[in-house]
Amino acid sequence: MNIVDRRLNPKSKSLGNRQRFVRRAKADIRDAVRDALKKRKVSGVEGSEQIKIRSKSVREPSFNHGRDGGIRDYVLPGNQDYKAGDMIPKPQGGGGGKGGKASADGGGEDDFVFTLSKEEFLDLFFEDLKLPNLVKNRLKDIKNPLPHRAGYTSDGPPAKLARVRTLRRSLARRIALKRPKTEEVRALEEEIARLEAEMPRNEPLIAELRARLEHAIRLRKTIAYVDPIDLQFNRFDRVPRPTTQAVMFCMMDASASMTENLKDLAKRFFMLLHVFLSRHYKQVHVVFIRHTSTAAEVDEETFFRGVETGGTVISTALEEMDRIVRERYSPADWNIYAAQASDGDNIPDDMGRCIDLAENNLLPACQYYAYIEVSEHSGPGETVAWSGFSELAQRHSHFAMRRVTNPGEIFPVFHELFSSSAGA
Amino acid sequence: MTAVPNKPLFDGPEWDFELIGRTYDAIEEIGVGEMGLSLYKNQIEVITAEQMLDAYSSIGMPLMYRHWSFGKRFARDEMMYRKGARSLAFEIVINSDPCINYIMEENSMTMQCLVMAHAAMGHNHFFKNNYLFRQWTQADAILEYMAFAKRFVSECEERFGLAQVEAVLDAAHALMNQGVSRTAGARRKFDPRREREREQARRDYEIEIYNEIWRTLPNKAEKKEERPDENRAEQRALLLPEENILYFLEKHAPKLEGWKRELIRIVRVLAQYFYPQRQTKVMNEGCATFVHYEIMNRMYEKGLVTEGSMLEFAHMHAAVVYQPGFNDRNYSGLNPYALGYAMMRDIKRICLEPTDEDMRWFPDFAGNQDPMGTLRQAWADFRDESFILQFLSPKVMRDMRLFHLRNDSDNPAMRVEAIHDEQGYRKVRRMLARQYDVSTQDPDIQVTDADLSGSRRLVLTHHVRDGIVLDKEETDRTLMHVARLWGYRVRLVEVEAGTGRKLKEHETLPLP
């Protein structure tokens with residue numbers, strides 16, 4: 001006999017296999033990433049991502065028996081009271097419930113769920129944006145990521161079980177479902193015992209109590225003390241350790257002329273900016289302001305989803321930003337970045353007010369202000385906002401404006417915008 | 001029992017290499033000395049959880065060529081493990097000589113002890129002695145062969161590109177279950193060195209006959225008239241029908257380059273290597289579980305393990321042989337550990353304390369007072385199907401409450417055909433044995449016709465049993481893979497076994 005210690009052998013022997021797998025499923029994964037992008041928060045680009053792909057490209061077919069038809073025999077354990085010759089109705093829904101183990105591996109249309117590492121996710125995310133490798137590496141280069149508590153999740157390894165949380169949820173559920181307590185059951189039992197000892201016996205009352213006791217015991221059996229849905233696990237995120245804090249203002253035109261596609265484009269830009277900022281700053285706050293003829297700070301969901309009717313007055317957004325900056329983000333404590341996306345519509349006589357606001361209040365406070373004009377086609381001619389902001393761009397180097405028509409253009413634009421000033 | 005006042009070998013969960021060595025010696029003394037097991041030399045390798053996941057994904061082989069499907073498996077296993085949905089196996093054992101046992105560093109000493117009794121004794125003995133393994137696998141050569149395969153695949157990737165290699169391996173993997181020769185006697189033993197030389201010779205020959213001038217010839221579409229006689233002669237020469245589709249494609253596919261044939265061969269060798277394991281799940285696990293149970297108890301009797309360890313052991317053993325009933329939420333088929341273990345315990349009981357019923361059912365060995373001899377013989381000469389047919393006793397059927405259910409798609413309801421009673425024992429037993437007969441569980445597909453000179457069409461025939469036809473979608477996809485290897489049109493006919501009535505037909509062309 002020989003004992004060998006292999007623990008120090010090189011790890012991740014299967015890395016090559018994993019790369020091959022990701023490459024193979026790339027098209028699907030990219031779709032899934034794109035999907036995830038829609039669902040995900042602007043600030044949620046980082047962190048590894050559970051990816052669910054339809055397994056079409058990673059399917060491993062083989063000759064298998066079909067699921068239905070024919071005569072099938074099963075030998076099963078745990079017979080309770082069947083006798084030979086008994087007929088059992090077939091389970092609903094196509095039957096074959098018990099023969100379903102034929103495809104243990106990726107068979108059928110099952111989704112295949114797995115976790116992409118952050119690197120892999122960002123790789124795919126950036127790939128779409130045509131990020132040059134150098135920048136990619138800089139963006140992905142995180143020094144000493146630290147695990148941070150990041151709330152709770154509903155699944156995880158047993159070692160990370162959050163016991164107090166779990167029991168709190170269990171308690172809430174038990175109360176909600178009226179699961180009888182141990183004391184109640186005991187009280188009933190004692191009551192019955194007492195009544196039974198009494199003479200003459202109060203039979204109807206005893207019977208009623210017995211029924212209640214039985215009911216209580218049955219409830220206790222069906223309603224679990226701790227149910228899988230109660231489980232809560234501690235969640236840890238690995239957070240990079242950068243320098244200070246920044247706030248990022250996302251402003252967008254929410255009028256009906258901004259289509260889903262245009263919003264998506266804008267969202268990509270915001271996400272990229274967020275990734276970029278979170279590399280440089282320890283804390284990045286995001287403020288969403290959307291506007292039509294009035295502006296309001298909203299949550300992310302409303303920001304990207306909500307559609308409003310109304311005209312377009314850009315200055316309202318700038319006013320709102322100005323107000324928020326004054327209230328919450330003093331330029332002394334915060335690095336302020338602003339990104340504005342619009343399709344270029346504005347009331348012509350509003351532009352003067354915009355420029356005035358930007359020049360006197362916002363630009364002095366901002367590190368950088370980017371105006372992105374999104375449109376479906378790169379048609380000729382200038383929009384109202386574009387021609388208005390042009391003069392601003394000439395006077396201020398940290399005000400930049402670009403036009404974007406498809407996702408592939410976002411990075412080049414981004415790069416252009418930040419290549420000079422982003423060295424900071 | 002003789003009360004030898006031994007000092008327990010260990011107390012508490014901590015282990016070190018020296019302790020594992022001493023414990024192994026004690027286990028071997030019982031296994032070989034008292035139970036008469038015959039073993040390959042053991043090699044015990046300690047690995048981490050991550051390495052265990054690695055080993056999982058490459059179907060337990062310490063060496064494996066690279067392929068995305070292993071990456072997929074790894075991604076899934078890792079996810080299950082991280083989420084805590086599944087715990088890792090305590091060990092992996094490889095049918096090789098020396099027999100490699102992986103044990104995890106996280107295991108407590110009791111678990112290491114259990115794992116060694118289970119794998120290094122039970123599985124090892126089974127691998128070495130069971131006739132299927134002796135006949136079909138060469139334990140001494142497999143590791144060297146896999147090293148060759150790994151090197152060969154990566155060389156091909158370098159020379160021909162990932163995509164090309166992947167296409168061939170994908171196709172071959174899809175046909176893995178049809179890559180096994182079930183009936184033919186074992187072919188020549190494979191010798192890794194010869195394999196390598198053969199492949200080198202193949203390549204040299206290509207280089208030798210390579211002549212620049214042939215490249216300049218225009219590609220001419222050859223047309224030949226079909227000559228039926230020739231066809232028949234051809235078929236005879238091809239030895240049709242052939243059940244091993246991979247073998248047939250490797251030898252006869254008209255357009256394949258040498259290295260592709262070699263890749264198919266690698267997958268085929270693997271399929272053949274794993275075939276005995278598919279046929280002996282119940283016996284293999286039953287044997288290992290029975291052996292660890294006996295050894296642990298003997299060690300306790302000898303005072304070598306503490307009561308605390310025995311409790312830990314009992315807890316794990318109970319989990320391993322747990323069999324939920326068919327209507328239980330956790331039911332996922334018969335547990336091979338539970339069934340195998342129950343049968344082997346029962347054989348021991350029949351040998352030592354037979355009842356009248358046992359005397360009627362098992363006259364050849366009931367009461368022979370030699371349980372180990374009987375079991376060793378069973379382990380050597382049977383596979384799951386024949387083992388169940390021979391040895392499943394009425395008592396085990398009663399204990400497990402086995403019953404036979406038939407689902408006929410023509411009937412609105414399923415029928416309970418037989419249960420664990422006097423009328424049903426034989427029927428249940430026969431059906432259960434059939435359930436474990438791999439050759440009736442896999443669809444019976446054969447190469448029946450191949451036209452090498454004319455249309456070059458390949459015909460496969462599926463002999464349909466019990467009216468169960470192939471899954472349409474999966475079949476079409478698999479057929480695409482066959483067509484890719486064959487290079488021309490492929491047709492699959494499904495005919496009813498017995499009547500020869502044609503039920504269904506699939507056909508596909510290779511993608512350009």
# chains A, B, ... in the order shown; residues from 1 in each chain; ligands from 1

$ closest_atom_pairs --of "chain B" --to "chain A" --cutoff "7 Å" --atoms "only C-alpha atoms" --output "Markdown table"
| residue | atom | partner | partner_atom | distance |
| --- | --- | --- | --- | --- |
| B:Lys41 | CA | A:Met1 | CA | 6.1 |
| B:Asn42 | CA | A:Met1 | CA | 4.9 |
| B:Gln43 | CA | A:Asn2 | CA | 4.6 |
| B:Ile44 | CA | A:Ile3 | CA | 4.7 |
| B:Glu45 | CA | A:Val4 | CA | 4.6 |
| B:Val46 | CA | A:Asp5 | CA | 5.0 |
| B:Ile47 | CA | A:Arg7 | CA | 4.7 |
| B:Thr48 | CA | A:Arg7 | CA | 5.7 |
| B:Gln51 | CA | A:Lys11 | CA | 6.6 |
| B:Asp54 | CA | A:Ser14 | CA | 5.9 |
| B:Arg66 | CA | A:Asn17 | CA | 5.6 |
| B:His67 | CA | A:Asn17 | CA | 5.5 |
| B:Trp68 | CA | A:Phe21 | CA | 4.2 |
| B:Ser69 | CA | A:Phe21 | CA | 6.7 |
| B:Phe70 | CA | A:Asn17 | CA | 5.9 |
| B:Gly71 | CA | A:Arg18 | CA | 4.2 |
| B:Lys72 | CA | A:Phe21 | CA | 6.0 |
| B:Ala75 | CA | A:Phe114 | CA | 6.0 |
| B:Arg76 | CA | A:Phe114 | CA | 6.0 |
| B:Met79 | CA | A:Phe114 | CA | 6.1 |
| B:Arg82 | CA | A:Pro157 | CA | 5.8 |
| B:Lys83 | CA | A:Gly156 | CA | 4.1 |
| B:Gly84 | CA | A:Pro157 | CA | 4.0 |
| B:Ala174 | CA | A:Ser62 | CA | 4.8 |
| B:Leu175 | CA | A:Ser62 | CA | 6.3 |
| B:Gly325 | CA | A:Gly78 | CA | 4.1 |
| B:Phe326 | CA | A:Pro77 | CA | 5.7 |
| B:Met400 | CA | A:Pro77 | CA | 5.6 |
| B:Arg401 | CA | A:Gly78 | CA | 4.9 |
| B:Leu402 | CA | A:Pro77 | CA | 4.4 |
| B:Phe403 | CA | A:Val75 | CA | 5.5 |
| B:His404 | CA | A:Val75 | CA | 4.5 |
| B:Leu405 | CA | A:Tyr74 | CA | 5.2 |
| B:Arg406 | CA | A:Asp73 | CA | 4.6 |
| B:Asn407 | CA | A:Arg72 | CA | 5.1 |
| B:Asp408 | CA | A:Ile71 | CA | 4.3 |
| B:Ser409 | CA | A:Gly69 | CA | 5.1 |
| B:Ala413 | CA | A:Pro89 | CA | 4.5 |
| B:Met414 | CA | A:Ile88 | CA | 5.0 |
| B:Arg415 | CA | A:Met87 | CA | 4.5 |
| B:Val416 | CA | A:Asp86 | CA | 5.2 |
| B:Glu417 | CA | A:Ala84 | CA | 5.2 |
| B:Ala418 | CA | A:Ala84 | CA | 4.8 |
| B:Ile419 | CA | A:Ala84 | CA | 5.9 |
| B:Val428 | CA | A:Val75 | CA | 6.9 |
| B:Met431 | CA | A:Val75 | CA | 6.8 |
| B:Leu432 | CA | A:Val75 | CA | 5.8 |
| B:Pro443 | CA | A:His65 | CA | 6.6 |
| B:Asp466 | CA | A:Ile71 | CA | 5.2 |
| B:Gly467 | CA | A:Gly70 | CA | 4.1 |
| B:Ile468 | CA | A:Gly70 | CA | 4.6 |
| B:Val469 | CA | A:Gly66 | CA | 5.8 |
| B:Leu470 | CA | A:His65 | CA | 4.3 |
| B:Asp471 | CA | A:Gly66 | CA | 3.7 |
| B:Glu474 | CA | A:Pro61 | CA | 5.4 |
| B:Thr475 | CA | A:Phe63 | CA | 5.4 |
| B:Arg477 | CA | A:Pro61 | CA | 6.2 |
| B:Thr478 | CA | A:Ser62 | CA | 5.4 |

$ select_by_dssp --residues "range 162-273 of chain A" --states "strand (DSSP E or B)" --output "list in words"
Phe233, Asn234, Arg235, Phe236, Asp237, Arg238, Val239, Thr244, Gln245, Ala246, Val247, Met248, Phe249, Cys250, Met251, Met252 and Asp253 of chain A

$ write_last_selection --atoms "N, CA, C and O atoms" --output "tab-separated table (two decimals), in the first residue's frame"
chain	number	residue	atom	x	y	z
A	233	PHE	N	-29.11	32.61	4.01
A	233	PHE	CA	-27.68	32.42	4.12
A	233	PHE	C	-26.97	33.77	4.06
A	233	PHE	O	-27.44	34.69	3.37
A	234	ASN	N	-25.88	33.86	4.77
A	234	ASN	CA	-25.10	35.08	4.68
A	234	ASN	C	-24.52	35.19	3.29
A	234	ASN	O	-24.07	34.20	2.72
A	235	ARG	N	-24.51	36.40	2.78
A	235	ARG	CA	-23.98	36.58	1.45
A	235	ARG	C	-22.77	37.47	1.53
A	235	ARG	O	-22.76	38.45	2.28
A	236	PHE	N	-21.77	37.09	0.81
A	236	PHE	CA	-20.56	37.91	0.79
A	236	PHE	C	-20.26	38.35	-0.63
A	236	PHE	O	-20.35	37.55	-1.55
A	237	ASP	N	-19.93	39.59	-0.78
A	237	ASP	CA	-19.46	40.07	-2.08
A	237	ASP	C	-18.00	40.40	-1.96
A	237	ASP	O	-17.55	40.84	-0.91
A	238	ARG	N	-17.30	40.19	-3.03
A	238	ARG	CA	-15.90	40.59	-2.99
A	238	ARG	C	-15.81	41.99	-3.59
A	238	ARG	O	-16.12	42.21	-4.73
A	239	VAL	N	-15.42	42.92	-2.76
A	239	VAL	CA	-15.44	44.32	-3.17
A	239	VAL	C	-14.01	44.82	-3.32
A	239	VAL	O	-13.17	44.57	-2.46
A	244	THR	N	-11.66	56.72	-2.95
A	244	THR	CA	-12.63	57.50	-2.18
A	244	THR	C	-14.03	57.33	-2.72
A	244	THR	O	-14.39	56.27	-3.17
A	245	GLN	N	-14.80	58.37	-2.67
A	245	GLN	CA	-16.19	58.21	-3.05
A	245	GLN	C	-16.57	59.09	-4.23
A	245	GLN	O	-16.01	60.16	-4.43
A	246	ALA	N	-17.53	58.60	-4.94
A	246	ALA	CA	-18.00	59.35	-6.10
A	246	ALA	C	-19.50	59.19	-6.23
A	246	ALA	O	-20.07	58.22	-5.74
A	247	VAL	N	-20.09	60.15	-6.85
A	247	VAL	CA	-21.50	60.00	-7.15
A	247	VAL	C	-21.67	60.16	-8.65
A	247	VAL	O	-20.96	60.94	-9.29
A	248	MET	N	-22.55	59.39	-9.17
A	248	MET	CA	-22.74	59.41	-10.60
A	248	MET	C	-24.20	59.74	-10.88
A	248	MET	O	-25.11	59.10	-10.36
A	249	PHE	N	-24.40	60.78	-11.64
A	249	PHE	CA	-25.77	61.17	-11.98
A	249	PHE	C	-26.12	60.63	-13.36
A	249	PHE	O	-25.39	60.88	-14.32
A	250	CYS	N	-27.19	59.89	-13.41
A	250	CYS	CA	-27.65	59.43	-14.71
A	250	CYS	C	-28.90	60.24	-15.03
A	250	CYS	O	-29.88	60.20	-14.28
A	251	MET	N	-28.85	60.93	-16.13
A	251	MET	CA	-30.03	61.70	-16.52
A	251	MET	C	-30.49	61.21	-17.87
A	251	MET	O	-29.68	60.98	-18.76
A	252	MET	N	-31.79	61.07	-17.98
A	252	MET	CA	-32.27	60.59	-19.26
A	252	MET	C	-33.63	61.18	-19.59
A	252	MET	O	-34.46	61.38	-18.71
A	253	ASP	N	-33.80	61.41	-20.83
A	253	ASP	CA	-35.08	61.84	-21.36
A	253	ASP	C	-36.04	60.66	-21.30
A	253	ASP	O	-35.72	59.57	-21.77

$ atom_distance --atom1 "CA of Tyr300 in chain B" --atom2 "CA of Val115 in chain B"
15.8 Å

$ residues_around --residues "Glu257 in chain B" --least-positions-apart "4" --cutoff "12 Å" --atoms "only C-alpha atoms" --output "list of chain:residue names"
B:Cys156, B:Phe160, B:Gln164, B:Val165, B:Val168, B:Glu199, B:Arg202, B:Arg203, B:Glu206, B:Leu249, B:Glu250, B:Lys251, B:His252, B:Ala253, B:Arg261, B:Glu262, B:Leu263, B:Ile264, B:Leu485, B:Trp486, B:Gly487

$ residues_around --residues "Met310 in chain B" --least-positions-apart "4" --cutoff "10 Å" --atoms "only C-alpha atoms" --output "MDAnalysis selection string"
chainID B and resid 110 296:297 299:300 305:306 314:316

$ atom_distance --atom1 "CA of Leu270 in chain B" --atom2 "CA of Ile142 in chain B"
9.1 Å

$ select_by_dssp --residues "range 202-358 of chain A" --states "helix (DSSP H, G or I)" --output "number ranges by chain"
A: 203-222, 228-230, 260-280, 300-305, 314-328, 348-358

$ atom_distance --atom1 "CA of Ala216 in chain A" --atom2 "CA of Pro180 in chain A"
5.9 Å

$ residues_around --residues "Gly373 in chain B" --least-positions-apart "5" --cutoff "12 Å" --atoms "only C-alpha atoms" --output "PyMOL selection string"
chain B and resi 34-37+347-348+351+365+368+378-380

$ closest_residue --among "B:Asp384, B:Glu507, B:Glu106, B:Asp140" --to "Glu285 in chain B" --atoms "only C-alpha atoms"
B:Asp384

$ residues_around --residues "range 310-326 of chain A" --least-positions-apart "4" --cutoff "7 Å" --atoms "only C-alpha atoms" --output "MDAnalysis selection string"
chainID A and resid 251 255 289:296 330 345:347 350 353:354 357 361:362

$ residues_around --residues "Asp364 in chain B" --least-positions-apart "5" --cutoff "12 Å" --atoms "only C-alpha atoms" --output "VMD selection string"
chain B and resid 347 350 to 351 354 358 to 359 369 to 370 374 390 to 391

$ write_last_selection --atoms "N, CA and C atoms" --output "PDB file, in the first residue's frame"
ATOM      1  N   ILE B 347     -27.830 -13.022   1.761  1.00  0.00           N
ATOM      2  CA  ILE B 347     -27.102 -14.232   1.368  1.00  0.00           C
ATOM      3  C   ILE B 347     -26.352 -14.778   2.569  1.00  0.00           C
ATOM      4  N   ILE B 350     -28.788 -16.457   4.767  1.00  0.00           N
ATOM      5  CA  ILE B 350     -29.254 -17.748   4.225  1.00  0.00           C
ATOM      6  C   ILE B 350     -28.185 -18.827   4.426  1.00  0.00           C
ATOM      7  N   CYS B 351     -26.927 -18.427   4.280  1.00  0.00           N
ATOM      8  CA  CYS B 351     -25.851 -19.396   4.474  1.00  0.00           C
ATOM      9  C   CYS B 351     -25.793 -19.867   5.924  1.00  0.00           C
ATOM     10  N   PRO B 354     -30.672 -20.532   7.604  1.00  0.00           N
ATOM     11  CA  PRO B 354     -31.731 -20.564   6.585  1.00  0.00           C
ATOM     12  C   PRO B 354     -33.083 -20.924   7.197  1.00  0.00           C
ATOM     13  N   ASP B 358     -36.046 -20.453   2.549  1.00  0.00           N
ATOM     14  CA  ASP B 358     -34.746 -20.336   1.894  1.00  0.00           C
ATOM     15  C   ASP B 358     -34.301 -21.691   1.356  1.00  0.00           C
ATOM     16  N   MET B 359     -34.560 -22.774   2.109  1.00  0.00           N
ATOM     17  CA  MET B 359     -34.140 -24.103   1.660  1.00  0.00           C
ATOM     18  C   MET B 359     -34.814 -24.436   0.338  1.00  0.00           C
ATOM     19  N   GLN B 369     -23.023 -22.701   5.619  1.00  0.00           N
ATOM     20  CA  GLN B 369     -22.120 -22.159   6.642  1.00  0.00           C
ATOM     21  C   GLN B 369     -20.861 -21.509   6.068  1.00  0.00           C
ATOM     22  N   ASP B 370     -20.907 -21.150   4.809  1.00  0.00           N
ATOM     23  CA  ASP B 370     -19.733 -20.492   4.227  1.00  0.00           C
ATOM     24  C   ASP B 370     -20.157 -19.224   3.499  1.00  0.00           C
ATOM     25  N   THR B 374     -19.518 -18.170  -0.558  1.00  0.00           N
ATOM     26  CA  THR B 374     -20.668 -17.999  -1.454  1.00  0.00           C
ATOM     27  C   THR B 374     -20.658 -16.617  -2.088  1.00  0.00           C
ATOM     28  N   GLN B 390     -30.669 -14.721  -9.787  1.00  0.00           N
ATOM     29  CA  GLN B 390     -30.260 -15.881  -8.998  1.00  0.00           C
ATOM     30  C   GLN B 390     -30.493 -15.706  -7.502  1.00  0.00           C
ATOM     31  N   PHE B 391     -30.205 -14.504  -7.001  1.00  0.00           N
ATOM     32  CA  PHE B 391     -30.033 -14.386  -5.556  1.00  0.00           C
ATOM     33  C   PHE B 391     -31.081 -13.545  -4.835  1.00  0.00           C
TER      34      PHE B 391
END
